[in-house]
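Source file: final-v6.txt. Holds: compact mmCIF, C-alpha atoms and all ligand atoms.
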# COMPACT_ATOMS: atom_id res chain seq x y z
CA MET X 16 21.71 -2.63 4.68
CA THR X 17 19.32 -0.12 6.21
CA PRO X 18 15.79 -1.53 6.06
CA ALA X 19 13.19 0.39 4.05
CA ILE X 20 10.84 0.19 7.01
CA GLU X 21 11.60 -0.70 10.58
CA THR X 22 9.22 -0.55 13.50
CA VAL X 23 10.43 -0.81 17.07
CA ALA X 24 7.89 -1.95 19.67
CA LEU X 25 5.15 -0.08 17.83
CA SER X 26 1.86 0.23 19.72
CA ARG X 27 -1.43 1.96 19.10
CA SER X 28 -4.39 1.70 21.43
CA PHE X 29 -7.96 2.89 21.08
CA GLY X 30 -9.16 3.33 24.65
CA GLY X 31 -8.64 -0.11 26.15
CA VAL X 32 -8.16 -1.86 22.78
CA HIS X 33 -4.50 -2.61 22.03
CA ALA X 34 -4.89 -2.71 18.26
CA VAL X 35 -1.12 -2.77 17.67
CA ASP X 36 0.80 -4.02 20.66
CA GLY X 37 4.59 -3.84 20.56
CA ALA X 38 5.06 -4.86 16.92
CA SER X 39 8.71 -4.87 15.79
CA LEU X 40 9.62 -5.70 12.24
CA ARG X 41 12.17 -4.89 9.56
CA VAL X 42 11.42 -4.88 5.88
CA PRO X 43 14.57 -4.82 3.69
CA ALA X 44 14.58 -2.49 0.70
CA GLY X 45 13.09 -4.11 -2.38
CA GLN X 46 11.30 -6.86 -0.49
CA ARG X 47 7.71 -7.95 -1.05
CA ARG X 48 6.37 -8.48 2.45
CA ALA X 49 2.91 -9.84 3.17
CA ILE X 50 1.19 -9.13 6.46
CA ILE X 51 -1.47 -11.65 7.34
CA GLY X 52 -3.60 -12.25 10.39
CA PRO X 53 -7.25 -12.74 11.33
CA ASN X 54 -9.83 -9.93 11.32
CA GLY X 55 -9.07 -7.35 13.98
CA ALA X 56 -5.39 -8.40 14.28
CA GLY X 57 -4.30 -4.77 13.85
CA LYS X 58 -3.06 -4.91 10.26
CA THR X 59 -4.79 -1.76 8.99
CA THR X 60 -3.96 0.12 12.19
CA PHE X 61 -0.31 -0.84 11.67
CA PHE X 62 -0.46 0.58 8.12
CA ASN X 63 -2.14 3.75 9.35
CA CYS X 64 0.76 4.24 11.77
CA LEU X 65 3.26 3.74 8.93
CA THR X 66 1.61 6.33 6.70
CA GLY X 67 1.07 8.83 9.50
CA VAL X 68 -2.73 8.73 9.46
CA LEU X 69 -2.49 7.60 13.09
CA ARG X 70 -0.02 8.60 15.79
CA PRO X 71 1.39 5.56 17.60
CA THR X 72 0.75 5.37 21.33
CA SER X 73 4.39 4.31 21.74
CA GLY X 74 7.28 2.86 19.79
CA ARG X 75 9.17 4.07 16.75
CA ILE X 76 8.96 3.99 12.96
CA LEU X 77 12.07 4.32 10.81
CA LEU X 78 11.94 4.99 7.06
CA PHE X 79 15.30 4.15 5.48
CA GLY X 80 16.83 4.72 8.89
CA ALA X 81 15.19 8.11 9.53
CA ASP X 82 12.82 8.41 12.46
CA VAL X 83 9.42 9.44 11.05
CA THR X 84 7.36 8.48 14.10
CA ARG X 85 6.06 11.98 14.64
CA MET X 86 6.18 13.18 11.06
CA PRO X 87 2.85 14.19 9.47
CA GLU X 88 1.39 12.13 6.64
CA TYR X 89 2.11 14.60 3.80
CA ARG X 90 5.80 14.74 4.69
CA ARG X 91 6.09 10.95 4.78
CA ALA X 92 4.38 10.86 1.40
CA ARG X 93 7.00 13.26 0.11
CA LEU X 94 9.72 10.96 1.45
CA GLY X 95 8.22 8.14 -0.57
CA VAL X 96 5.57 6.39 1.50
CA GLY X 97 2.76 5.53 -0.91
CA ARG X 98 -0.49 3.72 -0.41
CA THR X 99 -3.45 2.78 -2.52
CA TYR X 100 -6.09 5.44 -2.45
CA GLN X 101 -9.53 4.28 -1.51
CA ILE X 102 -11.43 4.63 -4.76
CA SER X 103 -14.04 6.68 -2.90
CA ASN X 104 -11.38 9.40 -2.67
CA VAL X 105 -11.04 9.71 -6.42
CA PHE X 106 -13.28 11.70 -8.72
CA LEU X 107 -15.91 9.27 -9.92
CA GLY X 108 -17.19 11.72 -12.54
CA LEU X 109 -13.76 12.37 -14.05
CA THR X 110 -12.10 10.08 -16.53
CA VAL X 111 -9.44 7.52 -15.70
CA LEU X 112 -6.76 9.65 -17.34
CA GLU X 113 -7.88 12.85 -15.60
CA ASN X 114 -7.62 11.12 -12.23
CA VAL X 115 -4.11 9.83 -12.84
CA ALA X 116 -3.06 13.21 -14.25
CA LEU X 117 -4.25 14.83 -11.03
CA ALA X 118 -2.19 12.36 -9.00
CA VAL X 119 0.87 13.03 -11.14
CA HIS X 120 0.28 16.77 -10.90
CA GLY X 121 -0.03 16.59 -7.10
CA THR X 122 3.44 15.15 -6.71
CA SER X 123 5.16 17.49 -9.15
CA ARG X 124 3.73 20.76 -7.83
CA LEU X 125 6.96 21.79 -6.13
CA LYS X 126 9.05 21.09 -9.16
CA TRP X 127 6.79 23.28 -11.26
CA MET X 128 6.98 26.26 -9.00
CA VAL X 129 10.62 26.40 -10.01
CA HIS X 130 10.41 25.46 -13.67
CA ARG X 131 7.26 26.81 -15.20
CA SER X 132 7.27 24.97 -18.45
CA VAL X 133 4.72 25.47 -21.20
CA ASP X 134 5.01 21.75 -21.76
CA ARG X 135 3.92 20.87 -18.28
CA LEU X 136 0.43 19.75 -19.22
CA SER X 137 1.64 17.45 -21.94
CA ASP X 138 4.34 16.14 -19.58
CA THR X 139 1.66 15.33 -17.03
CA ARG X 140 -0.47 13.64 -19.66
CA GLU X 141 2.47 11.58 -20.89
CA GLN X 142 3.39 10.40 -17.42
CA ALA X 143 -0.25 9.63 -16.59
CA LEU X 144 -0.61 7.59 -19.77
CA GLY X 145 2.58 5.74 -18.88
CA GLU X 146 1.16 4.78 -15.48
CA LEU X 147 -2.10 3.66 -17.08
CA ASP X 148 -0.23 1.59 -19.61
CA LYS X 149 1.65 -0.23 -16.85
CA VAL X 150 -1.59 -1.32 -15.21
CA GLY X 151 -3.24 -2.22 -18.51
CA LEU X 152 -5.81 0.57 -18.45
CA ALA X 153 -4.55 2.80 -21.27
CA HIS X 154 -7.44 1.71 -23.51
CA ARG X 155 -9.88 2.87 -20.81
CA ARG X 156 -8.32 6.31 -20.40
CA ASP X 157 -11.42 8.29 -21.47
CA VAL X 158 -13.95 6.30 -19.46
CA VAL X 159 -15.38 7.96 -16.35
CA VAL X 160 -14.29 6.12 -13.21
CA ARG X 161 -17.89 5.43 -12.23
CA ALA X 162 -18.20 3.14 -15.27
CA LEU X 163 -15.20 0.94 -14.42
CA SER X 164 -15.59 -2.60 -13.18
CA TYR X 165 -14.47 -3.42 -9.66
CA GLY X 166 -11.29 -5.06 -10.94
CA GLU X 167 -10.48 -2.08 -13.15
CA ARG X 168 -10.90 0.24 -10.19
CA ARG X 169 -8.25 -1.76 -8.34
CA GLN X 170 -5.96 -1.40 -11.35
CA LEU X 171 -6.61 2.35 -11.28
CA GLU X 172 -5.84 2.48 -7.56
CA LEU X 173 -2.44 0.96 -8.30
CA ALA X 174 -1.79 3.48 -11.08
CA LEU X 175 -2.72 6.34 -8.73
CA ALA X 176 -0.39 5.02 -6.05
CA MET X 177 2.48 4.55 -8.51
CA ALA X 178 1.94 8.06 -9.92
CA SER X 179 3.32 9.44 -6.66
CA ARG X 180 6.60 7.55 -7.35
CA PRO X 181 6.71 5.77 -3.99
CA ARG X 182 9.79 4.09 -2.52
CA VAL X 183 7.63 2.08 -0.14
CA LEU X 184 4.16 1.06 -1.28
CA LEU X 185 1.53 -0.13 1.19
CA LEU X 186 -1.37 -2.15 -0.20
CA ASP X 187 -4.30 -2.98 2.10
CA GLU X 188 -6.09 -6.04 0.72
CA PRO X 189 -5.57 -5.20 -2.96
CA THR X 190 -7.46 -8.28 -4.16
CA ALA X 191 -10.34 -8.31 -1.68
CA GLY X 192 -13.73 -8.77 -3.33
CA LEU X 193 -12.31 -9.59 -6.75
CA ALA X 194 -13.27 -12.55 -8.94
CA PRO X 195 -10.45 -15.09 -9.48
CA ALA X 196 -9.46 -13.76 -12.93
CA GLU X 197 -9.31 -10.17 -11.66
CA ARG X 198 -7.40 -11.29 -8.59
CA GLN X 199 -4.84 -12.96 -10.84
CA ARG X 200 -4.56 -9.80 -12.91
CA VAL X 201 -3.98 -7.55 -9.90
CA SER X 202 -1.41 -10.02 -8.47
CA GLU X 203 0.51 -9.90 -11.73
CA LEU X 204 0.50 -6.11 -11.68
CA ILE X 205 1.90 -6.11 -8.16
CA ALA X 206 4.53 -8.66 -9.19
CA ASP X 207 5.56 -6.31 -12.02
CA ILE X 208 6.24 -3.34 -9.71
CA PRO X 209 9.98 -2.61 -10.01
CA ARG X 210 12.19 -3.89 -7.20
CA ALA X 211 13.25 -0.30 -6.53
CA VAL X 212 9.90 -0.08 -4.72
CA THR X 213 9.49 -1.95 -1.44
CA VAL X 214 5.99 -3.42 -1.28
CA ILE X 215 4.15 -4.32 1.92
CA LEU X 216 0.76 -5.85 1.42
CA ILE X 217 -2.00 -6.97 3.71
CA GLU X 218 -3.61 -9.99 2.10
CA HIS X 219 -6.03 -12.70 3.18
CA ASP X 220 -5.77 -14.85 0.07
CA MET X 221 -2.95 -17.36 0.69
CA SER X 222 -2.53 -18.14 -3.01
CA VAL X 223 -1.83 -14.44 -3.67
CA VAL X 224 0.57 -14.38 -0.70
CA MET X 225 2.37 -17.50 -1.92
CA GLY X 226 2.74 -16.05 -5.40
CA LEU X 227 3.99 -12.62 -4.36
CA ALA X 228 5.65 -12.52 -0.98
CA ASP X 229 9.35 -13.01 -0.24
CA GLU X 230 8.52 -13.07 3.44
CA VAL X 231 5.35 -13.17 5.54
CA THR X 232 4.62 -11.58 8.91
CA VAL X 233 1.73 -12.97 10.94
CA LEU X 234 0.05 -10.39 13.14
CA HIS X 235 -2.15 -11.66 15.97
CA ARG X 236 -3.76 -9.41 18.59
CA GLY X 237 -1.48 -6.57 17.57
CA LYS X 238 1.71 -8.59 18.03
CA VAL X 239 4.09 -10.17 15.54
CA MET X 240 3.42 -13.84 16.07
CA LEU X 241 5.75 -15.17 13.40
CA ASP X 242 7.94 -14.07 10.49
CA GLY X 243 9.16 -16.34 7.74
CA PRO X 244 9.15 -17.55 4.16
CA PRO X 245 5.65 -18.15 2.72
CA GLU X 246 6.03 -21.95 2.59
CA VAL X 247 6.94 -22.11 6.27
CA ILE X 248 4.08 -19.83 7.32
CA GLN X 249 1.57 -21.73 5.23
CA GLY X 250 2.52 -25.02 6.86
CA ASN X 251 2.55 -23.65 10.40
CA ALA X 252 -0.02 -25.26 12.70
CA GLU X 253 -0.23 -22.32 15.14
CA VAL X 254 -0.99 -19.92 12.31
CA ARG X 255 -3.83 -22.16 11.19
CA GLU X 256 -5.21 -22.25 14.75
CA VAL X 257 -5.18 -18.46 14.88
CA TYR X 258 -7.14 -18.24 11.64
CA LEU X 259 -9.64 -20.78 12.89
CA GLY X 260 -10.10 -18.62 16.00
CA ARG X 261 -8.90 -21.29 18.42
CA ARG X 262 -6.19 -19.14 19.95
N1 LIG X 301 -10.47 4.17 14.81
C1 LIG X 301 -10.67 3.16 15.67
N2 LIG X 301 -11.30 3.38 16.84
C2 LIG X 301 -11.49 2.37 17.71
N3 LIG X 301 -11.09 1.10 17.52
C3 LIG X 301 -10.45 0.83 16.37
C4 LIG X 301 -10.21 1.83 15.39
N4 LIG X 301 -9.56 1.27 14.34
C5 LIG X 301 -9.39 -0.03 14.66
N5 LIG X 301 -9.93 -0.30 15.87
C6 LIG X 301 -9.90 -1.60 16.56
O1 LIG X 301 -8.56 -2.07 16.54
C7 LIG X 301 -8.51 -3.46 16.29
C8 LIG X 301 -7.67 -3.73 15.06
O2 LIG X 301 -8.35 -3.23 13.91
P1 LIG X 301 -7.72 -3.24 12.46
O3 LIG X 301 -8.70 -2.59 11.57
O4 LIG X 301 -6.37 -2.66 12.52
O5 LIG X 301 -7.63 -4.80 12.16
P2 LIG X 301 -7.31 -5.57 10.79
O6 LIG X 301 -6.26 -6.56 11.13
O7 LIG X 301 -7.03 -4.59 9.72
O8 LIG X 301 -8.68 -6.35 10.52
P3 LIG X 301 -9.39 -6.74 9.12
O9 LIG X 301 -8.72 -8.01 8.65
O10 LIG X 301 -10.80 -7.00 9.51
O11 LIG X 301 -9.24 -5.60 8.17
C9 LIG X 301 -9.95 -3.93 16.17
O12 LIG X 301 -10.35 -4.40 17.43
C10 LIG X 301 -10.68 -2.67 15.80
O13 LIG X 301 -12.02 -2.71 16.24
MG MG X 302 -7.89 -4.19 7.86
Reformat the file's structure so that it appears as structure tokens.
Amino acid sequence: MTPAIETVALSRSFGGVHAVDGASLRVPAGQRRAIIGPNGAGKTTFFNCLTGVLRPTSGRILLFGADVTRMPEYRRARLGVGRTYQISNVFLGLTVLENVALAVHGTSRLKWMVHRSVDRLSDTREQALGELDKVGLAHRRDVVVRALSYGERRQLELALAMASRPRVLLLDEPTAGLAPAERQRVSELIADIPRAVTVILIEHDMSVVMGLADEVTVLHRGKVMLDGPPEVIQGNAEVREVYLGRR
């Protein structure tokens, strides 16, 4: 089957820094793939190439078999590449529901130019409430975002990402900085994302990786060092050395 995402010898340099250096990987549709690796391994840069925030220096990116290497970010988003929004990009003074409604609205704009329905606002509200319900934030709908806890903000980020109806969802450290209970909560929400959505997540917490990932890719100095099932990666001595900074 055509992979959801495939990269072929993907590279991105910043001056002399080879942040991503010939990384090739294939993520089958529906998979939960974790990308791990020490700080500076190139994980976020790799994501930024996938979304189109950054142009690769060389190599190719295929989305369900279509070459999107040179496609701008907004077009990839339209083809179904979703990511968590940094919460700083949302409207802190608006309510939770208003923010999700805006995200829903953003993705349906085209549809509405064709069918101008008087019901469109209530449709938007319904869909936004549905997304909030899925992440367990429906009861917080009328709270301004500024007043949410850190864990709740992460839940909102997921709702915002899902509002765009992605086919491939990229999550950059979704549990970073969370207390254990919140981390557990966010992991469960990710586990509940329908299999129709391919999920690629960057994650440092091995217990989250073990609980969620079908397969793990270890990135080291911009290269794919190893791919495999979570149990194999966890027990790998070389991977441990890399994390301890000995290689
Ligand atoms: N915009 C940029 N300009 C210059 N150098 C950059 C830029 N973005 C990343 N880098 C460099 O590229 C390398 C990889 O960075 P990247 O942020 O992709 O790593 P990471 O694996 O996400 O690390 P972390 O686990 O700390 O988030 C680092 O050496 C970083 O300093
Ligand atoms: Mg990073």
- Residues within 8 Å of ligand MG 302 (chain X) (only C-alpha atoms and all ligand atoms), as a list of chain:residue names? X:Asn54, X:Gly55, X:Gly57, X:Lys58, X:Thr59, X:Thr60, X:Asp187, X:Glu188, X:Ile217
Find the axis-aligned box for segment 33-52 of chain X, covering all its listed atoms and adding 6 Å on each side, and write its centre and edge lengths in Å to one decimal as lines of an AutoDock Vina configuration file.
center_x = 4.8
center_y = -7.4
center_z = 9.8
size_x = 31.5
size_y = 21.8
size_z = 36.4
Cut-off 10 Å: closest chain X/ligand LIG 301 (chain X) atom pairs per residue, using only C-alpha atoms and all ligand atoms, as CSV:
residue,atom,partner,partner_atom,distance
X:Arg27,CA,X:LIG301,O1,8.6
X:Ser28,CA,X:LIG301,O1,7.5
X:Phe29,CA,X:LIG301,C2,4.9
X:Gly30,CA,X:LIG301,C2,7.4
X:Gly31,CA,X:LIG301,N3,9.1
X:Val32,CA,X:LIG301,O1,6.3
X:His33,CA,X:LIG301,O1,6.8
X:Ala34,CA,X:LIG301,O1,4.1
X:Val35,CA,X:LIG301,C8,7.1
X:Ile50,CA,X:LIG301,O6,9.2
X:Ile51,CA,X:LIG301,O6,8.0
X:Gly52,CA,X:LIG301,O6,6.3
X:Pro53,CA,X:LIG301,O9,5.6
X:Asn54,CA,X:LIG301,O9,3.5
X:Gly55,CA,X:LIG301,O5,3.4
X:Ala56,CA,X:LIG301,O6,3.8
X:Gly57,CA,X:LIG301,O4,3.2
X:Lys58,CA,X:LIG301,O6,3.7
X:Thr59,CA,X:LIG301,O7,3.7
X:Thr60,CA,X:LIG301,O4,3.7
X:Phe61,CA,X:LIG301,O4,6.4
X:Phe62,CA,X:LIG301,O4,8.0
X:Asn63,CA,X:LIG301,O4,8.3
X:Cys64,CA,X:LIG301,O4,10.0
X:Leu69,CA,X:LIG301,N1,8.9
X:Asp187,CA,X:LIG301,O7,8.3
X:Glu188,CA,X:LIG301,O11,8.1
X:Ile217,CA,X:LIG301,O7,8.2
X:Glu218,CA,X:LIG301,O9,8.5
X:His219,CA,X:LIG301,O9,7.7
X:Leu234,CA,X:LIG301,O6,7.7
X:His235,CA,X:LIG301,O6,8.1
X:Arg236,CA,X:LIG301,C8,7.7
X:Gly237,CA,X:LIG301,C8,7.3
- Query: Between X:Val214, X:Leu65, X:Val239, X:Val247, which is the closest to Gly37 of chain X once you count all atoms listed in the file?
  - Reply: X:Val239
- Message: What's around Val159 of chain X at 10 Å? Count only C-alpha atoms, leave out sequence neighbours fewer than 2 positions away in its own chain, and write the answer as a VMD selection string.
- Response: chain X and resid 106 to 114 155 to 157 161 to 163
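You can rank X:Ala194, X:Met16, X:Ala211, X:Leu173 by their closest distance to Arg98 of chain X using all atoms listed in the file, and at the top of that list sits X:Leu173.
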For segment 141-208 of chain X against segment 87-96 of chain X, with a cut-off of 6 Å and counting all atoms listed in the file, what is the closest atom pair and its distance in Å to one decimal for every residue that makes the cut, ordered by chain and number, as a Markdown table?
| residue | atom | partner | partner_atom | distance |
| --- | --- | --- | --- | --- |
| X:Pro181 | CA | X:Gly95 | CA | 4.4 |
| X:Arg182 | CA | X:Gly95 | CA | 4.8 |
| X:Val183 | CA | X:Val96 | CA | 5.1 |
Shell around Glu21 of chain X at 7 Å using all atoms listed in the file, local window under 3 positions removed, as a compact mmCIF listing (two decimals) with C-alpha atoms, in the frame of the given file:
# COMPACT_ATOMS: atom_id res chain seq x y z
CA PRO X 18 15.79 -1.53 6.06
CA LEU X 40 9.62 -5.70 12.24
CA ARG X 41 12.17 -4.89 9.56
CA VAL X 42 11.42 -4.88 5.88
CA ILE X 76 8.96 3.99 12.96
CA LEU X 77 12.07 4.32 10.81
CA LEU X 78 11.94 4.99 7.06
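Using all atoms listed in the file for every distance, the candidate list X:Gly226, X:Gly74, X:Gly97, X:Pro245 yields X:Gly97 as the residue closest to Leu186 of chain X.
If you look at atom CA of Val231 of chain X and atom CA of Asp148 of chain X, they are 29.7 Å away from each other.
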- Note on the structure: Leu175 of chain X proximity check over X:Ile215, X:Val257, X:Val160, X:Leu147, using all atoms listed in the file: winner is X:Leu147
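Among the candidates X:Gly45, X:Val119, X:Ala228, X:Gly192, the residue lying nearest to Thr213 of chain X is X:Gly45 (atoms considered: only C-alpha atoms).
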- Message: For a test of reading the model, state the distance in Å between atom CA of Ser202 of chain X and atom CA of Glu167 of chain X, rounded to one decimal.
- Response: 12.9 Å
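In this structure, atom CA of Val23 of chain X sits 26.1 Å away from atom CA of Arg180 of chain X.
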- Find the spatial neighbours of Pro189 of chain X, counting all atoms listed in the file, within a cut-off of 12 Å - ignore same-chain residues fewer than 5 positions away - and output them as a PyMOL selection string. chain X and resi 49+98-102+165-173+176+184+197-205+214-220+223-224
